[in-house]
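Source file: work-v7.txt; contents: compact mmCIF, C-alpha atoms and all ligand atoms.
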# COMPACT_ATOMS: atom_id res chain seq x y z
CA MET A 1 74.67 -25.88 -43.96
CA ILE A 2 74.55 -22.52 -45.73
CA LEU A 3 76.22 -20.10 -43.38
CA PRO A 4 74.60 -16.75 -42.70
CA ASP A 5 76.69 -13.60 -43.25
CA GLU A 6 75.79 -12.22 -39.86
CA MET A 7 75.51 -13.56 -36.33
CA ARG A 8 74.60 -12.31 -32.88
CA HIS A 9 77.35 -11.91 -30.29
CA VAL A 10 77.94 -10.21 -26.95
CA THR A 11 79.74 -6.88 -26.99
CA TYR A 12 80.30 -3.64 -25.04
CA HIS A 13 81.10 -0.06 -26.05
CA THR A 14 83.34 0.91 -23.15
CA PRO A 15 84.86 -1.25 -20.43
CA GLY A 16 82.96 -1.27 -17.16
CA GLY A 17 80.57 -3.23 -14.94
CA PRO A 18 78.36 -6.15 -16.00
CA GLU A 19 75.71 -3.70 -17.25
CA VAL A 20 77.88 -2.68 -20.25
CA LEU A 21 77.31 -6.06 -21.94
CA TYR A 22 74.67 -6.40 -24.65
CA LEU A 23 73.84 -8.51 -27.73
CA THR A 24 74.60 -7.11 -31.15
CA THR A 25 75.03 -8.32 -34.73
CA GLY A 26 78.28 -8.73 -36.66
CA PRO A 27 79.96 -10.84 -39.32
CA VAL A 28 80.28 -14.61 -38.96
CA PRO A 29 84.02 -15.40 -38.62
CA LEU A 30 85.65 -17.39 -41.40
CA PRO A 31 87.78 -20.35 -40.27
CA ARG A 32 91.44 -19.71 -41.07
CA PRO A 33 93.75 -22.55 -42.11
CA GLY A 34 93.84 -25.09 -39.29
CA GLU A 35 90.64 -23.83 -37.67
CA VAL A 36 87.12 -25.23 -37.33
CA LEU A 37 84.02 -23.07 -37.28
CA ILE A 38 81.39 -24.19 -34.79
CA ARG A 39 77.81 -23.14 -34.24
CA VAL A 40 77.91 -22.47 -30.50
CA ALA A 41 75.36 -24.12 -28.21
CA ALA A 42 76.90 -23.12 -24.87
CA ALA A 43 79.82 -21.01 -23.69
CA GLY A 44 81.61 -20.97 -20.34
CA ILE A 45 82.18 -17.86 -18.26
CA ASN A 46 85.61 -17.46 -16.71
CA ARG A 47 87.12 -14.91 -14.35
CA PRO A 48 89.47 -13.60 -17.11
CA ASP A 49 86.29 -12.54 -19.03
CA ILE A 50 85.49 -10.20 -16.13
CA GLN A 51 88.97 -8.70 -16.37
CA GLN A 52 88.61 -8.30 -20.15
CA ARG A 53 85.21 -6.60 -19.76
CA LYS A 54 86.79 -4.17 -17.28
CA GLY A 55 89.53 -3.35 -19.80
CA ALA A 56 92.26 -4.99 -17.71
CA TYR A 57 92.92 -8.07 -19.91
CA PRO A 58 93.10 -7.16 -23.61
CA PRO A 59 92.92 -10.06 -26.10
CA PRO A 60 96.30 -11.05 -27.59
CA PRO A 61 97.08 -9.84 -31.15
CA GLY A 62 95.04 -11.69 -33.78
CA ALA A 63 92.47 -13.03 -31.29
CA SER A 64 88.77 -12.21 -31.53
CA PRO A 65 87.85 -9.15 -29.45
CA ILE A 66 84.58 -10.89 -28.51
CA LEU A 67 84.51 -12.32 -24.97
CA GLY A 68 84.56 -16.06 -24.38
CA LEU A 69 87.42 -18.53 -23.83
CA GLU A 70 85.48 -21.79 -24.18
CA ALA A 71 82.53 -22.98 -26.22
CA ALA A 72 80.76 -26.20 -27.20
CA GLY A 73 78.85 -26.76 -30.40
CA GLU A 74 78.67 -28.42 -33.80
CA VAL A 75 81.22 -28.09 -36.58
CA VAL A 76 79.73 -26.18 -39.55
CA ALA A 77 82.85 -25.37 -41.61
CA LEU A 78 86.48 -26.48 -41.84
CA GLY A 79 89.49 -24.29 -42.49
CA GLU A 80 92.10 -25.37 -45.00
CA GLY A 81 94.06 -28.43 -43.93
CA VAL A 82 91.78 -29.62 -41.12
CA THR A 83 91.42 -33.39 -41.22
CA SER A 84 90.83 -34.20 -37.55
CA TRP A 85 87.18 -32.99 -37.51
CA ARG A 86 84.20 -33.33 -39.85
CA ILE A 87 81.14 -31.21 -40.46
CA GLY A 88 78.52 -32.20 -37.88
CA ASP A 89 80.98 -33.30 -35.18
CA ARG A 90 80.15 -32.04 -31.71
CA LEU A 91 83.15 -30.63 -29.93
CA THR A 92 84.21 -28.36 -27.13
CA GLY A 93 87.08 -25.98 -27.64
CA LEU A 94 89.50 -23.66 -25.91
CA CYS A 95 88.85 -20.41 -27.78
CA ASN A 96 91.37 -17.64 -28.22
CA GLY A 97 88.32 -15.40 -27.75
CA GLY A 98 84.91 -15.18 -29.38
CA GLY A 99 82.94 -17.81 -27.44
CA TYR A 100 80.01 -15.51 -26.52
CA ALA A 101 78.66 -15.72 -30.08
CA GLU A 102 76.52 -17.84 -32.38
CA PHE A 103 79.63 -18.95 -34.31
CA VAL A 104 83.30 -19.12 -33.30
CA ALA A 105 86.43 -20.25 -35.15
CA ILE A 106 88.83 -22.34 -33.02
CA PRO A 107 92.20 -23.94 -33.90
CA ALA A 108 91.39 -27.61 -34.52
CA GLY A 109 94.06 -28.82 -32.09
CA GLN A 110 92.42 -26.92 -29.21
CA CYS A 111 89.18 -28.91 -29.58
CA LEU A 112 88.06 -32.11 -27.90
CA PRO A 113 84.93 -34.22 -28.41
CA TRP A 114 81.96 -33.93 -26.04
CA PRO A 115 82.59 -36.74 -23.55
CA ALA A 116 79.99 -39.52 -24.03
CA GLY A 117 76.72 -38.68 -22.29
CA PHE A 118 77.55 -34.98 -21.89
CA ASP A 119 75.24 -32.19 -23.07
CA ALA A 120 76.41 -28.86 -24.50
CA VAL A 121 76.40 -27.08 -21.13
CA GLN A 122 78.53 -29.76 -19.49
CA ALA A 123 80.89 -29.90 -22.49
CA ALA A 124 81.32 -26.10 -22.51
CA SER A 125 82.33 -26.14 -18.84
CA LEU A 126 85.49 -28.15 -19.52
CA PRO A 127 88.20 -26.52 -21.68
CA GLU A 128 89.44 -23.47 -19.76
CA ALA A 129 89.66 -25.22 -16.40
CA CYS A 130 91.02 -28.52 -17.76
CA PHE A 131 93.70 -26.88 -19.93
CA THR A 132 94.73 -24.51 -17.12
CA VAL A 133 94.87 -27.17 -14.41
CA TRP A 134 96.74 -29.60 -16.63
CA ALA A 135 99.35 -27.05 -17.70
CA ASN A 136 99.92 -25.67 -14.21
CA LEU A 137 99.32 -28.45 -11.70
CA PHE A 138 100.68 -31.38 -13.70
CA ASP A 139 103.14 -29.87 -16.21
CA LEU A 140 104.69 -26.94 -14.31
CA GLY A 141 103.79 -28.18 -10.82
CA ARG A 142 104.96 -31.74 -11.60
CA LEU A 143 102.29 -33.12 -9.25
CA ALA A 144 102.85 -36.86 -8.79
CA PRO A 145 100.60 -39.61 -7.42
CA GLY A 146 100.98 -39.87 -3.65
CA GLU A 147 101.92 -36.19 -3.26
CA THR A 148 99.94 -33.51 -1.44
CA VAL A 149 98.57 -30.28 -2.92
CA LEU A 150 96.87 -27.17 -1.56
CA VAL A 151 94.36 -25.64 -3.99
CA HIS A 152 93.35 -22.07 -3.14
CA GLY A 153 89.89 -21.04 -4.34
CA GLY A 154 88.68 -24.64 -4.14
CA THR A 155 85.15 -23.88 -5.35
CA SER A 156 86.17 -21.71 -8.32
CA GLY A 157 85.74 -23.14 -11.80
CA ILE A 158 89.47 -23.85 -11.72
CA GLY A 159 89.35 -25.16 -8.14
CA VAL A 160 86.60 -27.76 -8.59
CA THR A 161 88.56 -29.14 -11.56
CA ALA A 162 91.90 -29.07 -9.74
CA ILE A 163 90.50 -30.92 -6.71
CA GLN A 164 88.97 -33.65 -8.86
CA LEU A 165 91.84 -34.11 -11.32
CA ALA A 166 94.48 -34.20 -8.58
CA THR A 167 92.41 -36.70 -6.57
CA ALA A 168 91.87 -38.89 -9.64
CA PHE A 169 95.63 -38.72 -10.25
CA GLY A 170 96.27 -40.16 -6.80
CA ALA A 171 97.30 -36.99 -4.97
CA LYS A 172 95.94 -35.90 -1.57
CA VAL A 173 94.19 -32.55 -1.91
CA TYR A 174 93.55 -29.73 0.55
CA ALA A 175 91.61 -26.63 -0.42
CA THR A 176 90.72 -23.15 0.81
CA ALA A 177 87.30 -21.55 0.33
CA GLY A 178 85.34 -18.64 1.75
CA SER A 179 82.51 -20.30 3.70
CA ALA A 180 81.62 -23.47 5.59
CA ALA A 181 79.27 -24.53 2.79
CA LYS A 182 82.01 -24.06 0.20
CA CYS A 183 84.40 -26.10 2.37
CA THR A 184 81.82 -28.91 2.44
CA ALA A 185 81.61 -28.72 -1.36
CA CYS A 186 85.41 -29.14 -1.57
CA LEU A 187 85.24 -32.24 0.66
CA ASP A 188 82.38 -33.65 -1.46
CA LEU A 189 84.59 -33.25 -4.54
CA GLY A 190 87.30 -35.38 -2.93
CA ALA A 191 89.45 -32.99 -0.89
CA ALA A 192 90.94 -34.56 2.22
CA GLY A 193 90.70 -31.26 4.09
CA ALA A 194 89.17 -27.83 3.52
CA ILE A 195 89.98 -24.53 5.23
CA ASN A 196 87.61 -21.57 5.52
CA TYR A 197 90.17 -18.83 4.89
CA ARG A 198 87.84 -16.17 6.32
CA GLU A 199 87.88 -17.84 9.74
CA ALA A 200 91.26 -19.56 9.96
CA ASP A 201 94.88 -19.01 8.98
CA PHE A 202 95.41 -21.46 6.14
CA LEU A 203 99.10 -21.91 7.01
CA ALA A 204 98.38 -23.02 10.59
CA ASP A 205 95.59 -25.31 9.39
CA ILE A 206 97.54 -26.92 6.56
CA LYS A 207 100.43 -27.62 8.93
CA ALA A 208 98.00 -29.18 11.43
CA MET A 209 96.29 -31.25 8.72
CA THR A 210 99.63 -32.61 7.46
CA SER A 211 101.17 -33.25 10.89
CA GLY A 212 103.55 -30.34 10.37
CA ALA A 213 104.88 -31.60 7.02
CA GLY A 214 103.25 -29.10 4.64
CA VAL A 215 102.42 -29.90 1.01
CA ASP A 216 104.31 -30.69 -2.18
CA VAL A 217 102.45 -28.22 -4.42
CA VAL A 218 100.41 -25.04 -3.88
CA LEU A 219 98.13 -23.86 -6.71
CA ASP A 220 97.47 -20.18 -6.03
CA MET A 221 95.26 -17.52 -7.61
CA VAL A 222 95.25 -15.05 -4.69
CA GLY A 223 98.80 -13.68 -4.79
CA ALA A 224 100.44 -11.07 -2.58
CA PRO A 225 98.92 -11.65 0.88
CA TYR A 226 99.36 -15.42 0.42
CA THR A 227 102.89 -15.57 -1.01
CA GLN A 228 104.86 -15.76 2.24
CA ARG A 229 102.50 -18.31 3.75
CA ASN A 230 102.48 -20.34 0.51
CA LEU A 231 106.29 -20.61 0.69
CA ARG A 232 106.05 -21.64 4.34
CA ALA A 233 103.34 -24.22 3.55
CA LEU A 234 105.58 -26.11 1.13
CA LYS A 235 107.68 -29.17 1.92
CA ARG A 236 111.27 -29.63 0.82
CA GLY A 237 111.32 -29.71 -3.00
CA GLY A 238 107.87 -28.08 -3.10
CA ARG A 239 106.42 -26.09 -5.99
CA LEU A 240 104.37 -22.89 -5.83
CA VAL A 241 102.36 -22.43 -9.03
CA GLN A 242 100.80 -19.02 -9.57
CA ILE A 243 97.84 -18.83 -11.98
CA ALA A 244 96.49 -15.40 -10.99
CA PHE A 245 97.01 -12.53 -8.57
CA MET A 246 93.47 -11.62 -7.52
CA GLN A 247 94.83 -9.67 -4.56
CA GLY A 248 97.93 -8.27 -6.23
CA SER A 249 101.34 -9.37 -7.50
CA VAL A 250 103.48 -6.94 -5.49
CA VAL A 251 104.68 -8.03 -2.06
CA SER A 252 106.19 -5.25 0.05
CA GLU A 253 108.26 -7.60 2.18
CA LEU A 254 109.06 -11.24 1.45
CA ASP A 255 111.46 -13.63 3.12
CA LEU A 256 112.86 -15.80 0.33
CA LEU A 257 114.87 -17.98 2.68
CA PRO A 258 112.37 -20.89 2.43
CA ILE A 259 113.20 -21.15 -1.31
CA MET A 260 116.85 -21.85 -0.56
CA MET A 261 116.39 -23.90 2.61
CA LYS A 262 113.70 -26.15 1.08
CA ARG A 263 114.84 -26.09 -2.58
CA LEU A 264 111.48 -24.70 -3.67
CA THR A 265 110.36 -23.86 -7.18
CA VAL A 266 108.22 -20.76 -7.77
CA THR A 267 106.52 -20.81 -11.15
CA GLY A 268 103.27 -19.99 -12.93
CA SER A 269 101.73 -19.34 -16.30
CA THR A 270 98.79 -17.99 -18.19
CA MET A 271 97.00 -20.03 -20.85
CA ARG A 272 95.79 -17.48 -23.39
CA PRO A 273 99.08 -16.34 -24.97
CA ARG A 274 100.35 -19.89 -25.49
CA THR A 275 100.74 -20.98 -29.11
CA ALA A 276 98.24 -23.26 -30.86
CA CYS A 277 100.91 -25.99 -30.87
CA GLU A 278 101.42 -25.71 -27.11
CA LYS A 279 97.66 -25.85 -26.53
CA ALA A 280 97.33 -28.85 -28.87
CA VAL A 281 99.88 -30.79 -26.82
CA ILE A 282 97.81 -30.13 -23.69
CA ALA A 283 94.63 -31.19 -25.56
CA GLU A 284 96.25 -34.53 -26.44
CA ALA A 285 97.14 -35.17 -22.80
CA LEU A 286 93.60 -34.27 -21.72
CA HIS A 287 92.13 -36.55 -24.37
CA ASP A 288 94.27 -39.50 -23.27
CA LEU A 289 93.96 -39.15 -19.50
CA VAL A 290 91.19 -36.79 -18.43
CA TRP A 291 88.45 -37.54 -21.02
CA PRO A 292 88.26 -41.21 -19.92
CA TRP A 293 87.84 -39.97 -16.30
CA LEU A 294 84.98 -37.73 -17.44
CA GLU A 295 83.32 -40.53 -19.37
CA ALA A 296 83.69 -42.91 -16.40
CA GLY A 297 82.25 -40.33 -13.99
CA THR A 298 85.47 -40.22 -11.95
CA VAL A 299 85.61 -36.50 -12.66
CA ARG A 300 82.36 -34.62 -13.18
CA PRO A 301 81.44 -31.18 -14.42
CA VAL A 302 80.20 -28.90 -11.63
CA ILE A 303 77.62 -26.51 -13.08
CA TYR A 304 76.41 -23.83 -10.68
CA GLU A 305 74.05 -22.05 -13.07
CA THR A 306 73.16 -21.87 -16.74
CA CYS A 307 71.98 -18.43 -17.94
CA GLN A 308 70.40 -17.47 -21.25
CA TRP A 309 72.95 -15.39 -23.10
CA SER A 310 70.48 -12.50 -23.23
CA ASP A 311 71.11 -12.45 -19.44
CA VAL A 312 74.89 -12.21 -19.85
CA SER A 313 75.08 -9.21 -17.48
CA LYS A 314 73.34 -11.27 -14.79
CA ALA A 315 75.79 -14.13 -15.38
CA HIS A 316 78.81 -11.81 -14.96
CA ARG A 317 77.25 -10.30 -11.82
CA LEU A 318 76.80 -13.81 -10.45
CA MET A 319 80.49 -14.60 -10.92
CA GLU A 320 81.56 -11.32 -9.34
CA ASN A 321 79.31 -11.98 -6.31
CA SER A 322 81.38 -15.14 -5.83
CA SER A 323 78.69 -17.23 -4.20
CA HIS A 324 79.04 -19.88 -6.92
CA VAL A 325 80.51 -23.35 -6.62
CA GLY A 326 81.84 -24.46 -10.01
CA LYS A 327 80.96 -23.11 -13.42
CA ILE A 328 78.53 -20.52 -14.77
CA ILE A 329 77.52 -21.25 -18.37
CA LEU A 330 75.74 -19.27 -21.08
CA ASN A 331 73.08 -21.02 -23.14
CA ILE A 332 73.54 -19.65 -26.68
CA SER A 333 70.20 -20.01 -28.46
N1 LIG A 401 96.66 -18.69 -15.52
C1 LIG A 401 95.67 -19.04 -16.32
O1 LIG A 401 95.89 -19.47 -17.45
C2 LIG A 401 94.24 -18.91 -15.84
C3 LIG A 401 93.20 -19.41 -16.62
C4 LIG A 401 91.89 -19.30 -16.14
C5 LIG A 401 91.66 -18.69 -14.91
N2 LIG A 401 92.71 -18.18 -14.22
C6 LIG A 401 92.51 -17.53 -12.91
O2 LIG A 401 92.09 -18.51 -11.99
C7 LIG A 401 91.21 -17.92 -11.04
C8 LIG A 401 89.92 -18.71 -11.01
O3 LIG A 401 89.24 -18.53 -12.21
P1 LIG A 401 87.72 -18.98 -12.36
O4 LIG A 401 87.30 -18.66 -13.72
O5 LIG A 401 87.62 -20.38 -11.88
O6 LIG A 401 87.04 -17.94 -11.34
P2 LIG A 401 85.98 -18.03 -10.19
O7 LIG A 401 85.13 -19.25 -10.34
O8 LIG A 401 85.28 -16.73 -10.11
O9 LIG A 401 86.87 -18.19 -8.88
C9 LIG A 401 87.43 -17.19 -8.13
C10 LIG A 401 87.63 -17.82 -6.74
O10 LIG A 401 88.57 -17.10 -5.96
C11 LIG A 401 88.28 -17.41 -4.63
N3 LIG A 401 88.96 -16.51 -3.70
C12 LIG A 401 88.91 -15.16 -3.68
N4 LIG A 401 89.72 -14.70 -2.68
C13 LIG A 401 90.25 -15.79 -2.08
C14 LIG A 401 91.16 -15.98 -0.99
N5 LIG A 401 91.65 -14.93 -0.32
N6 LIG A 401 91.52 -17.24 -0.65
C15 LIG A 401 91.03 -18.29 -1.32
N7 LIG A 401 90.16 -18.18 -2.38
C16 LIG A 401 89.78 -16.95 -2.72
C17 LIG A 401 86.77 -17.27 -4.60
O11 LIG A 401 86.28 -18.00 -3.51
P3 LIG A 401 85.45 -17.30 -2.33
O12 LIG A 401 84.21 -16.74 -2.93
O13 LIG A 401 85.14 -18.41 -1.42
O14 LIG A 401 86.33 -16.25 -1.78
C18 LIG A 401 86.38 -17.93 -5.93
O15 LIG A 401 86.10 -19.31 -5.74
C19 LIG A 401 90.99 -16.46 -11.47
O16 LIG A 401 91.83 -15.64 -10.72
C20 LIG A 401 91.41 -16.48 -12.94
O17 LIG A 401 91.87 -15.23 -13.38
C21 LIG A 401 93.98 -18.29 -14.63
For this file, write the structure as structure tokens.
Amino acid sequence: MILPDEMRHVTYHTPGGPEVLYLTTGPVPLPRPGEVLIRVAAAGINRPDIQQRKGAYPPPPGASPILGLEAAGEVVALGEGVTSWRIGDRLTGLCNGGGYAEFVAIPAGQCLPWPAGFDAVQAASLPEACFTVWANLFDLGRLAPGETVLVHGGTSGIGVTAIQLATAFGAKVYATAGSAAKCTACLDLGAAGAINYREADFLADIKAMTSGAGVDVVLDMVGAPYTQRNLRALKRGGRLVQIAFMQGSVVSELDLLPIMMKRLTVTGSTMRPRTACEKAVIAEALHDLVWPWLEAGTVRPVIYETCQWSDVSKAHRLMENSSHVGKIILNIS
């Protein structure tokens, strides 16, 4: 394929609400050594994109300033030294940025094939949630088969993946969500119990659901108002894994005694600043364990809505309204 010099991509002049987003034209990125260039067919929307658009989550040095942390498409050029992919391969990749565009360059090790039978939209829904859940629930959280886990935000893009992967792994999953319908969705995805956090105290409910025992792991994206109860919800040897602080990271008063009395681990991480090597190690684990689950239908993509990328403002508004269950995807065409 002869590559054009220019491509369309989403941009904004000044940080702000969803209305600041618009399509513009700019140069097609060149793949650097170790990168593949793909022509994007679909790109996933993630909550960190909202933060970036608001000016609260700047891209790391060297990353594309264009929004978009995951994209699926066809390989159209190879950077120096890439042998793992060929022109024409269809892949889905964890981008360091730049997914809301007609072309994006991605480190080859951060890419995975479209699972058999998947279309571009389904493939684009996978990387950010799968990489994040793997790194936090299984690596840092050391979740083991037979253990119990509480997933906050069970119907988020991250949550629907965490519920399914943990269940497939042989763990017993509980989830929180903000409505009865969302709780039903969590149960349909395999959760053993779901708590409507707007109507019930999740700590009291999780204790009741586990006969007072609590859980081995908590995956949390809420932060401050949940921290004390998260520590109390954990069993001896439990792990609290923090992947975001949607309601703040500063707790005015916190009793740390449960950490000592129950030998707890408090940890967490963010995916974007990790090195390409670290991300490639996660990709290998996903390829070996999670991709067969996707191809067998054990774990399925949960697509809430696909928007044309000319409607990118609408898609961001949809995510911020938080009525979605699963992923919101942009169709790039
Ligand atoms: N650490 C990392 O590397 C990493 C990577 C990607 C994403 N993240 C973070 O993970 C989170 C989810 O990302 P996403 O893209 O999947 O976003 P998303 O689909 O928009 O999910 C946000 C979720 O938060 C839930 N929520 C809000 N307040 C809650 C509360 N008090 N208790 C329980 N749930 C609550 C919402 O559910 P309701 O509408 O029902 O309230 C919604 O499902 C975001 O905070 C994002 O920044 C972290």
*Write out as an NGL selection string which residues come within 8 Å of range 67-74 of chain A when counting only C-alpha atoms, dropping same-chain ones fewer than 5 positions away.*
:A and (10-11 or 38-46 or 49 or 52-53 or 87-100 or 114 or 120-121 or 123-128)
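Near ligand LIG 401 (chain A), the residues found within 6 Å are A:Asn46, A:Arg47, A:Pro48, A:Thr132, A:His152, A:Gly153, A:Thr155, A:Ser156, A:Gly157, A:Ile158, A:Thr176, A:Ala177, A:Gly178, A:Tyr197, A:Met221, A:Val222, A:Ile243, A:Ala244, A:Met246, A:Ser269, A:Thr270, A:Met271, A:Met319, A:Ser322, A:Ser323 (criterion computed using only C-alpha atoms and all ligand atoms).
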_Counting all atoms listed in the file, which residue out of A:Leu189, A:Val281, A:Leu240, A:Gly223 sits closest to Val299 in chain A?_
A:Leu189
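Among the candidates A:Thr267, A:Thr298, A:Ser64, A:Thr83, the one nearest to Thr167 in chain A when counting only C-alpha atoms is A:Thr298.
For the choices A:Tyr226, A:Met260, A:Ala276, A:Pro65, the atom-to-atom distance to Gly34 in chain A is smallest for A:Ala276 when using only C-alpha atoms.
Here CA of Ser313 in chain A and CA of Pro4 in chain A stand 26.3 Å from one another.
What separates CA of Pro60 in chain A from CA of Arg272 in chain A is a distance of 7.7 Å.
Of the listed residues (A:Trp134, A:Tyr22, A:Tyr12, A:Phe202), A:Tyr22 comes nearest to Val312 in chain A; the distances count only C-alpha atoms.
CA of Leu140 in chain A sits 13.4 Å away from CA of Gly237 in chain A.
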Using all atoms listed in the file, I'd like a table of the residues in range 157-220 of chain A that come within 12 Å of range 284-295 of chain A; for each, show the closest atom pair and its distance in Å rounded to one decimal, ordered by chain and ascending number, as a Markdown table.
| residue | atom | partner | partner_atom | distance |
| --- | --- | --- | --- | --- |
| A:Thr161 | CA | A:Val290 | CA | 10.6 |
| A:Ala162 | CA | A:Val290 | CA | 11.6 |
| A:Gln164 | CA | A:Trp293 | CA | 9.8 |
| A:Leu165 | CA | A:Val290 | CA | 7.6 |
| A:Ala166 | CA | A:Val290 | CA | 10.7 |
| A:Thr167 | CA | A:Trp293 | CA | 11.2 |
| A:Ala168 | CA | A:Trp293 | CA | 7.9 |
| A:Phe169 | CA | A:Leu289 | CA | 9.4 |
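Within the 9 Å cut-off around Gly81 in chain A, using only C-alpha atoms and omitting residues fewer than 3 positions from it on the same chain, the listed residues are Pro33, Gly34, Glu35 and Leu78 of chain A.
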Atoms kept (C-alpha atoms) for selection, written as a CSV table (one decimal), in the frame of the given file:
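Contents of out30.csv, freshly written:
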chain,number,residue,atom,x,y,z
A,33,PRO,CA,93.8,-22.6,-42.1
A,34,GLY,CA,93.8,-25.1,-39.3
A,35,GLU,CA,90.6,-23.8,-37.7
A,78,LEU,CA,86.5,-26.5,-41.8
*Anything within 9 Å of (106.7, -23.2, -10.7): list those residues as JSON, numbers by chain, counting only C-alpha atoms and sticking to the file's coordinates.*
{"A": [136, 140, 141, 142, 239, 240, 241, 242, 264, 265, 266, 267, 268, 269]}
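With distances restricted to all atoms listed in the file, A:Pro113 is the closest residue to Trp85 in chain A from A:Pro113, A:Glu102, A:Ala135, A:Tyr304.
If you measure from each of A:Ala224, A:Ile163, A:Leu21, A:Leu30 to Pro301 in chain A using only C-alpha atoms, the closest one turns out to be A:Ile163.
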*Do you know which residues are at most 8 Å from Ile206 in chain A counting only C-alpha atoms, after dropping those on the same chain fewer than 3 positions away, and could you put them as a PyMOL selection string?*
chain A and resi 174+202-203+209-210+212+214-215+233
Put the listed atoms of range 25-42 of chain A in a box along x, y and z with 6 Å added on every side and give me the centre and edge lengths in Å to one decimal, as JSON.
{"center_x": 84.4, "center_y": -16.8, "center_z": -33.5, "size_x": 30.8, "size_y": 28.9, "size_z": 29.2}
